[in-house]
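Since the structure comes first, as structure tokens, the remarks are kept for the end.
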Protein chains: 2
Amino acid sequence: MTKNPGNVEKLIRVSSDIPRKTVYRLSLYLRCLGLMVARRESIVSSAALASVAGVQPAQLRRDLAYCGPLGKRGTGYEVVTLRNRLEEILGRASLQPVILVGVGNLGQALLSYKGFAREGFEIVAAFDLKPQKQMEGRMGVRGMGSMKGLVQRREIRMAILCVPGSSAQSVAEQLCEVGIQAILNFSPVVLHLPETVAVNNVNLAIELENLSYFAR
Amino acid sequence: MTKNPGNVEKLIRVSSDIPRKTVYRLSLYLRCLGLMVARRESIVSSAALASVAGVQPAQLRRDLAYCGPLGKRGTGYEVVTLRNRLEEILGRASLQPVILVGVGNLGQALLSYKGFAREGFEIVAAFDLKPQKQMEGRMGVRGMGSMKGLVQRREIRMAILCVPGSSAQSVAEQLCEVGIQAILNFSPVVLHLPETVAVNNVNLAIELENLSYFAR
DNA sequence: TAGATTGTTAATCGATTAACAATC
DNA sequence: TAGATTGTTAATCGATTAACAATC
């Protein structure tokens with residue numbers, strides 16, 4: 001409402017209610033801007049950025065409008081400024097600690113994947129119901145008992161869940177109990193959890209099945 | 001329009017225009033039904049199935065209505081019949097051959113993941129721009145040159161793309177040229193391809209970033 | 001000033017949900 | 001028949017897009 005609410009108020013406002021789909025696309029824009037920064041581009045129009053991100057210019061402008069007025073009419077957006085603002089909104093300032101639960105096939109695969117670190121996330125520990133699993137990478141696999149202490153000591157908020165469908169719900173409930181607030185769920189069941197816990201589902205089998213439908 | 005259009009016409013109708021989001025949820029329902037079949041449940045109501053799948057009953061009924069009339073009023077849906085019908089619609093009759101392109105960190109992880117086979121997909125070959133990569137599992141990693149022949153010989157329609165962002169667009173174009181019709185894209189860029197090619201994006205970094213936003 | 005592009009409003013579109021007649 | 005639950009219509013909701021005034 002006010003023209004220039006100042007930094008503190010701005011931060012409060014922002015963290016309130018950006019639509020979920022918009023937040024998702026902000027991440028997308030952030031990656032596109034990363035490319036442009038690397039290419040030393042200083043200004044970008046909504047049309048150009050939208051094209052790279054695969055969305056409509058009007059949608060991009062509307063999404064960015066949630067972040068406050070960032071562009072200059074007649075000119076466009078300053079690439080570095082916009083990038084910094086999106087990083088700030090998405091909370092990418094610091095390295096986020098994450099735990100991984102379920103060191104089966106997919107869990108091991110994700111543990112060995114170094115892409116998370118590159119994007120600001122660090123898997124600080126791995127847990128399994130049957131922790132006798134062989135060491136994976138540089139990281140030991142622990143039993144569930146030691147989870148609570150670690151999560152609280154290191155103030156961990158996020159977990160990657162890769163247990164089989166049969167134990168997913170109960171393990172997810174344990175995660176909530178120890179204070180996890182967001183779960184990236186790779187197990188093939190729909191979790192029923194309190195609304196205060198954010199869940200994103202990644203179901204590789206469904207993605208493939210879905211594609212196979214559209215490939216005739 | 002007609003009450004009972006007969007099997008052939010029904011099949012044609014069905015493969016036409018089920019909304020994309022509905023197709024996605026059909027896969028979800030199929031998995032829930034799998035659990036119920038395993039538990040020897042014979043009948044399920046829209047309310048019960050919807051609850052397991054995490055959707056509203058009305059939405060479930062609407063989704064299923066795209067598949068023809070399948071339920072019995074006053075009773076519910078016959079579990080096995082419904083499961084079979086969804087498998088038929090989603091084309092899960094036969095094992096689908098898939099290629100994987102880009103055997104870096106994530107590509108190797110996915111190659112070692114055995115979950116695809118369990119769901120009816122077989123990764124029949126792996127390709128890389130620099131195929132000197134060490135053998136992975138039971139499968140050799142080939143150079144891109146041999147891709148066209150294999151894809152056409154085995155009539156492969158689907159590819160999993162795990163190359164770095166910098167080469168993703170050009171590799172995706174090569175995939176289209178050799179006849180791939182659907183791509184599961186793990187590389188962190190938005191692909192610009194002909195509309196005839198279906199693309200599903202899985203961006204693990206964005207999923208985590210998105211969660212971290214909602215975990216405050 | 002003239003040209004360009006944003007920020008925002010209003011219109012459109014599609015998807016979800018509530019409600020209920022049909023019917024098992 | 002009475003009770004239950006589907007299939008479907010109509011209402012609602014939210015998200016996308018077109019259009020344009022504001023303004024750099």
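Chains: A, B, ... in order of the structure tokens. Residues: from 1 per chain. Ligands: from 1, in order shown.
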
Exercise for the section: Run DSSP on the backbone of this structure and report the residues of segment 128-161 of chain B it assigns to helix (DSSP H, G or I), as a PyMOL selection string. Expected result: chain B and resi 144-153

For the residues selected in the previous step, produce a file with all heavy atoms as a CSV table (one decimal), in the first residue's frame.
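See again_13.csv below for the written result:
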```csv
chain,number,residue,atom,x,y,z
B,144,MET,N,26.9,-40.8,-28.5
B,144,MET,CA,25.6,-40.4,-29.1
B,144,MET,C,25.4,-40.9,-30.5
B,144,MET,O,24.3,-41.1,-31.0
B,144,MET,CB,25.6,-38.9,-29.1
B,144,MET,CG,25.8,-38.2,-27.8
B,144,MET,SD,24.4,-38.5,-26.7
B,144,MET,CE,23.2,-37.3,-27.4
B,145,GLY,N,26.5,-41.2,-31.2
B,145,GLY,CA,26.4,-41.7,-32.6
B,145,GLY,C,25.6,-42.9,-32.8
B,145,GLY,O,24.8,-43.0,-33.8
B,146,SER,N,25.6,-43.8,-31.8
B,146,SER,CA,24.9,-45.1,-32.0
B,146,SER,C,23.4,-45.0,-31.5
B,146,SER,O,22.7,-45.9,-31.5
B,146,SER,CB,25.6,-46.2,-31.2
B,146,SER,OG,25.5,-45.9,-29.8
B,147,MET,N,23.0,-43.8,-31.2
B,147,MET,CA,21.6,-43.6,-30.6
B,147,MET,C,20.5,-43.9,-31.6
B,147,MET,O,19.6,-44.6,-31.4
B,147,MET,CB,21.5,-42.2,-30.0
B,147,MET,CG,20.3,-42.1,-29.1
B,147,MET,SD,20.4,-40.6,-28.1
B,147,MET,CE,20.1,-39.4,-29.3
B,148,LYS,N,20.7,-43.2,-32.8
B,148,LYS,CA,19.6,-43.2,-33.8
B,148,LYS,C,19.2,-44.7,-34.2
B,148,LYS,O,18.1,-45.0,-34.2
B,148,LYS,CB,20.0,-42.4,-35.0
B,148,LYS,CG,18.9,-42.4,-36.1
B,148,LYS,CD,19.3,-41.3,-37.1
B,148,LYS,CE,18.0,-41.1,-38.0
B,148,LYS,NZ,18.2,-39.9,-38.9
B,149,GLY,N,20.3,-45.4,-34.5
B,149,GLY,CA,20.0,-46.8,-34.9
B,149,GLY,C,19.3,-47.6,-33.8
B,149,GLY,O,18.2,-48.2,-34.1
B,150,LEU,N,19.7,-47.5,-32.6
B,150,LEU,CA,19.1,-48.2,-31.5
B,150,LEU,C,17.6,-47.8,-31.3
B,150,LEU,O,16.7,-48.6,-31.2
B,150,LEU,CB,19.8,-48.1,-30.2
B,150,LEU,CG,19.3,-48.9,-29.1
B,150,LEU,CD1,20.1,-50.2,-28.9
B,150,LEU,CD2,19.1,-48.1,-27.8
B,151,VAL,N,17.4,-46.5,-31.3
B,151,VAL,CA,16.1,-46.0,-31.0
B,151,VAL,C,15.1,-46.5,-32.1
B,151,VAL,O,14.0,-46.9,-31.8
B,151,VAL,CB,16.1,-44.4,-31.0
B,151,VAL,CG1,14.7,-43.8,-31.1
B,151,VAL,CG2,16.7,-43.9,-29.7
B,152,GLN,N,15.6,-46.4,-33.4
B,152,GLN,CA,14.7,-46.8,-34.4
B,152,GLN,C,14.5,-48.3,-34.5
B,152,GLN,O,13.4,-48.8,-34.7
B,152,GLN,CB,15.2,-46.3,-35.8
B,152,GLN,CG,15.1,-44.7,-35.7
B,152,GLN,CD,15.6,-44.1,-37.0
B,152,GLN,OE1,16.2,-44.7,-37.9
B,152,GLN,NE2,15.3,-42.8,-37.2
B,153,ARG,N,15.6,-49.1,-34.2
B,153,ARG,CA,15.5,-50.5,-34.3
B,153,ARG,C,14.5,-51.0,-33.2
B,153,ARG,O,13.7,-51.9,-33.5
B,153,ARG,CB,16.9,-51.1,-34.1
B,153,ARG,CG,17.0,-52.6,-34.5
B,153,ARG,CD,18.5,-53.0,-34.6
B,153,ARG,NE,19.3,-52.7,-33.4
B,153,ARG,CZ,20.2,-51.8,-33.4
B,153,ARG,NH1,20.5,-51.1,-34.5
B,153,ARG,NH2,20.9,-51.6,-32.3
```

Enumerate, in order of chain and increasing residue number, the residues of chain A with an atom no farther than 8 Å from chain D, each with its shortest atom pair and distance in Å to one decimal, counting only C-alpha atoms (C1' of nucleotides), as a tab-separated table.
```
residue	atom	partner	partner_atom	distance
A:Ala58	CA	D:DT17	C1'	6.8
A:Gln59	CA	D:DT16	C1'	7.0
A:Lys72	CA	D:DC24	C1'	6.2
A:Arg73	CA	D:DC24	C1'	4.8
A:Gly74	CA	D:DC24	C1'	5.2
A:Thr75	CA	D:DC24	C1'	7.0
```

Any chance you could export the current selection's C-alpha atoms as a CSV table (one decimal), in the first residue's frame?
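Result went into again.csv, see below:
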```csv
chain,number,residue,atom,x,y,z
A,58,ALA,CA,2.4,-11.1,-18.6
A,59,GLN,CA,2.7,-14.0,-16.2
A,72,LYS,CA,12.1,0.2,-14.9
A,73,ARG,CA,9.3,1.1,-17.3
A,74,GLY,CA,10.6,1.5,-20.8
A,75,THR,CA,13.8,-0.4,-20.0
```

Practice task
Provide as a PyMOL selection string the residues of chain A at most 7 Å from chain B, counting only C-alpha atoms.
Solution key: chain A and resi 23-24+27+53-54+90-91+105-106+109-110+113-114+116+119+157+181-182+184+190+198+200+205-208+210-211+213-215

Problem - atom CA of Ser167 of chain B to atom CA of Ala50 of chain A, straight-line distance in Å - result: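 Value for the atom CA of Ala50 of chain A-atom CA of Ser167 of chain B distance: 20.2 Å.
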
Problem - Residue contacts of Lys130 of chain A (10 Å, only C-alpha atoms (C1' of nucleotides)) excluding same-chain residues fewer than 5 positions away, as a count of residues only - result: 7

Handout entry: Selection near Gly71 of chain B, 10 Å with only C-alpha atoms (C1' of nucleotides), sequence-local residues under 5 positions removed, as a list in words
Key =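 So, after excluding close chain neighbours, the residues are Ile43, Val44, Ser45, Ser46, Arg61, Leu64, Ala65, Gly76, Tyr77, Glu78, Val79, Thr81 and Leu82 of chain B; DC24 of chain C; DT5, DT6 and DG7 of chain D.
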
Exercise for the section: Could you give me the residues within segment 16-193 of chain A that DSSP places in strand (DSSP E or B), as a ChimeraX atom specification? Expected result: /A:43-44,72,76-78,96-101,121-127,136,139,141-142,158-161,182-185

If you keep C-alpha atoms, can you produce a file of those selected residues as a compact mmCIF listing (two decimals), in the first residue's frame?
```txt
# COMPACT_ATOMS: atom_id res chain seq x y z
CA ILE A 43 19.34 -5.62 -18.48
CA VAL A 44 16.57 -8.02 -19.44
CA LYS A 72 12.11 0.21 -14.87
CA GLY A 76 13.32 -3.69 -18.26
CA TYR A 77 14.88 -5.36 -15.24
CA GLU A 78 18.43 -5.02 -14.01
CA GLN A 96 20.41 -25.20 4.24
CA PRO A 97 21.02 -28.41 6.18
CA VAL A 98 18.89 -31.38 5.11
CA ILE A 99 18.58 -34.96 6.31
CA LEU A 100 17.87 -37.95 4.10
CA VAL A 101 15.79 -40.84 5.41
CA PHE A 121 21.62 -27.63 0.29
CA GLU A 122 23.76 -29.92 2.36
CA ILE A 123 22.71 -33.44 3.29
CA VAL A 124 24.16 -33.52 6.79
CA ALA A 125 23.04 -37.01 7.76
CA ALA A 126 21.38 -40.14 6.43
CA PHE A 127 19.04 -42.38 8.40
CA GLU A 136 27.63 -44.60 1.53
CA MET A 139 28.61 -40.40 5.30
CA VAL A 141 24.01 -44.26 7.86
CA ARG A 142 22.42 -43.94 11.29
CA MET A 158 14.00 -30.21 5.88
CA ALA A 159 14.08 -33.91 5.06
CA ILE A 160 14.30 -36.00 1.91
CA LEU A 161 12.15 -39.11 2.32
CA ALA A 182 9.24 -29.64 5.06
CA ILE A 183 9.56 -33.00 3.32
CA LEU A 184 10.65 -33.81 -0.19
CA ASN A 185 8.80 -37.10 -0.61
```

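Picture a line from atom CA of Gly179 of chain A to atom CA of Pro131 of chain A; it runs 21.4 Å.
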